[in-house]
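Colleague: If you scroll down you'll find the structure; I have some questions about it.
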Amino acid sequence: MAEWNPAAMLHSPLFEPLGPWLVRIEAGRFPGLDEYNALLAQHQPPIAVRNGLPLRFVAQAAGKLPFEAQYEPRCYLQGEVQTREHNWHDLFNALVWLAFPQSKAAINARHYQSLTAKAANRTDEGGRSVETSQRGSGRDMLTLLDESGVVVPCADPELARLLRDFKWKELFWQQRSRLDAAMGFYLYGHGLYEKALRPYIGLTGQGLILTVEQGFFGWPLARRLAHLDELLAKHLSDKELSPRELTPVPLLGVPGWSEESARENFYADSGYFRPGRLSS
């Protein structure tokens, strides 16, 4: 297990979206429920789930649970996020709630809506219960974003095209002077943050490109995060969702995010910078 070292995270561009909250956590020990809820109390405006209830972090329940006590339903119905103690995955989930509260609430609401619709349709013509394991593409997209997502604000359609078309060297090397002013990368998935504790060649997120105005890139971090959260929440609430919206982002190729990104030949590694999507 990685050592609790918030200072190291604060010095890494991978953890920038969580920085405003990491600085408020005591450095001496791994945080727990009391710390997470104390951070919630500092958040303005207060964070609520989509049904209006205030959010809070609670201990993970054990055993086989009824529907309303399971993770997503309990979050939506009670505002309670089940959280394991001394667990990196759940720590980052809590921090992402603090950094992106509107979109996290939108993800939870869409999961809950999907689960309740699925439960309503889980009977056959004779009224008998029918078990199904199908999640649907919408929930697949939500899960990928929640676990491995990267929010990619972009003010330059050409850069967006290069990212979607897997033109890694052209984007990250040849056009790197344009990136700071027209495209950004903000880790969102809490599972991805856990992987970023020990970055490795192969570390890849699932990017969702959001169109922003040019001036976005000159804003303070807090304003940028709030705007992205609002855009993402709207995107997740208003449309049908599909994993095809997401595009891979080889994170260590982002200029300045690794020592290797300073070398042109790094982008020749086709095992990491793959040439395109696999055929379905």
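Just so we're on the same page: first chain in the structure tokens is A, next is B, and so on; residues restart at 1 for each chain, and ligands are numbered from 1 in the order they show up.
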Write out as a VMD selection string the residues lying within 9 Å of A:Ala226, counting only C-alpha atoms and excluding same-chain residues fewer than 4 positions away.
Modeller: chain A and resid 99 to 102 221 to 222 230 to 231
Colleague: Just to be explicit: take each residue in the selection above, keep N, CA, C and O atoms, and write the result as a JSON list (two decimals), in the first residue's frame.
Modeller:
```
[["chain", "number", "residue", "atom", "x", "y", "z"],
["A", 99, "ALA", "N", -14.37, 17.90, -5.17],
["A", 99, "ALA", "CA", -13.89, 18.69, -6.31],
["A", 99, "ALA", "C", -14.94, 18.84, -7.40],
["A", 99, "ALA", "O", -15.00, 19.88, -8.08],
["A", 100, "PHE", "N", -15.79, 17.81, -7.58],
["A", 100, "PHE", "CA", -16.77, 17.81, -8.67],
["A", 100, "PHE", "C", -18.15, 17.36, -8.15],
["A", 100, "PHE", "O", -18.69, 16.34, -8.58],
["A", 101, "PRO", "N", -18.74, 18.10, -7.23],
["A", 101, "PRO", "CA", -19.96, 17.60, -6.57],
["A", 101, "PRO", "C", -21.18, 17.49, -7.48],
["A", 101, "PRO", "O", -21.97, 16.55, -7.33],
["A", 102, "GLN", "N", -21.36, 18.42, -8.39],
["A", 102, "GLN", "CA", -22.57, 18.37, -9.24],
["A", 102, "GLN", "C", -22.55, 17.16, -10.17],
["A", 102, "GLN", "O", -23.56, 16.47, -10.34],
["A", 221, "LEU", "N", -7.81, 28.12, -10.69],
["A", 221, "LEU", "CA", -8.17, 26.71, -10.65],
["A", 221, "LEU", "C", -9.58, 26.49, -10.12],
["A", 221, "LEU", "O", -10.36, 25.70, -10.69],
["A", 222, "ALA", "N", -9.95, 27.15, -9.03],
["A", 222, "ALA", "CA", -11.27, 26.92, -8.44],
["A", 222, "ALA", "C", -12.39, 27.23, -9.42],
["A", 222, "ALA", "O", -13.38, 26.50, -9.51],
["A", 230, "GLU", "N", -19.94, 21.91, -13.66],
["A", 230, "GLU", "CA", -21.26, 22.30, -14.17],
["A", 230, "GLU", "C", -21.49, 21.75, -15.58],
["A", 230, "GLU", "O", -22.56, 21.20, -15.87],
["A", 231, "LEU", "N", -20.49, 21.89, -16.45],
["A", 231, "LEU", "CA", -20.62, 21.38, -17.82],
["A", 231, "LEU", "C", -20.81, 19.87, -17.83],
["A", 231, "LEU", "O", -21.64, 19.33, -18.57]]
```
Colleague: If you run DSSP over the backbone, which residues in stretch 40-273 of chain A end up alpha helix (DSSP H)? Put them as a VMD selection string.
Modeller: chain A and resid 40 to 42 71 to 78 88 to 99 101 to 120 137 to 148 157 to 164 168 to 169 176 to 182 190 to 196 221 to 237
Colleague: Taking a cut-off of 7 Å and counting only C-alpha atoms, can you build a table that, for each residue of stretch 125-205 of chain A near stretch 80-89 of chain A, reports the nearest atom pair and how far apart they are in Å (one decimal), sorted by chain then residue number, as JSON lines?
Modeller:
```
{"residue": "A:His190", "atom": "CA", "partner": "A:His89", "partner_atom": "CA", "distance": 6.3}
{"residue": "A:Gly191", "atom": "CA", "partner": "A:His89", "partner_atom": "CA", "distance": 6.0}
{"residue": "A:Glu194", "atom": "CA", "partner": "A:His89", "partner_atom": "CA", "distance": 6.0}
```
Colleague: Within 7 Å of stretch 4-9 of chain A, counting only C-alpha atoms, which residues qualify if same-chain residues fewer than 4 places away don't, as a list in words?
Modeller: Phe15, Leu22, Ala27, Arg29 and Phe30 of chain A
Colleague: Would you put the residues from that selection into a file with N, CA, C and O atoms, as a CSV table (one decimal), in the first residue's frame?
Modeller:
```csv
chain,number,residue,atom,x,y,z
A,15,PHE,N,-2.6,15.3,-9.7
A,15,PHE,CA,-3.5,15.5,-8.6
A,15,PHE,C,-4.0,16.9,-8.5
A,15,PHE,O,-4.6,17.2,-7.5
A,22,LEU,N,-6.6,18.5,-0.7
A,22,LEU,CA,-5.5,17.8,-0.1
A,22,LEU,C,-4.8,18.7,0.9
A,22,LEU,O,-4.3,18.2,2.0
A,27,ALA,N,-1.2,16.0,7.6
A,27,ALA,CA,-0.2,15.3,6.9
A,27,ALA,C,0.2,14.0,7.7
A,27,ALA,O,0.8,13.1,7.1
A,29,ARG,N,-1.3,11.5,9.3
A,29,ARG,CA,-2.0,10.2,9.2
A,29,ARG,C,-3.0,10.1,8.1
A,29,ARG,O,-3.5,11.1,7.7
A,30,PHE,N,-3.3,8.9,7.7
A,30,PHE,CA,-4.3,8.7,6.7
A,30,PHE,C,-5.7,9.1,7.2
A,30,PHE,O,-6.1,8.8,8.3
```
Colleague: Using Å and a single decimal, report how far atom CA of A:Gly256 sits from atom CA of A:Arg176.
Modeller: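 One can read the atom CA of A:Arg176 to atom CA of A:Gly256 distance as 10.1 Å.
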Colleague: When you look at A:Gly136 with a cut-off of 12 Å (counting only C-alpha atoms), what residues show up, excluding the ones that are within fewer than 4 positions of it in the same chain? I need them as a ChimeraX atom specification.
Modeller: /A:110-111,114-115,117-118,132,140-143,240-243
Colleague: As a list in words, which residues of stretch 21-125 of chain A does DSSP assign to strand (DSSP E)?
Modeller: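 Restricting stretch 21-125 of chain A to strand (DSSP E) produces Arg56, Phe57, Val58, Ala59, Glu80, Val81, Gln82 and Thr83 of chain A.
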Colleague: Just the residues within 7 Å of A:Thr211, please, counting only C-alpha atoms, with nothing from its chain fewer than 5 positions along; format it as a count of residues only.
Modeller: 3
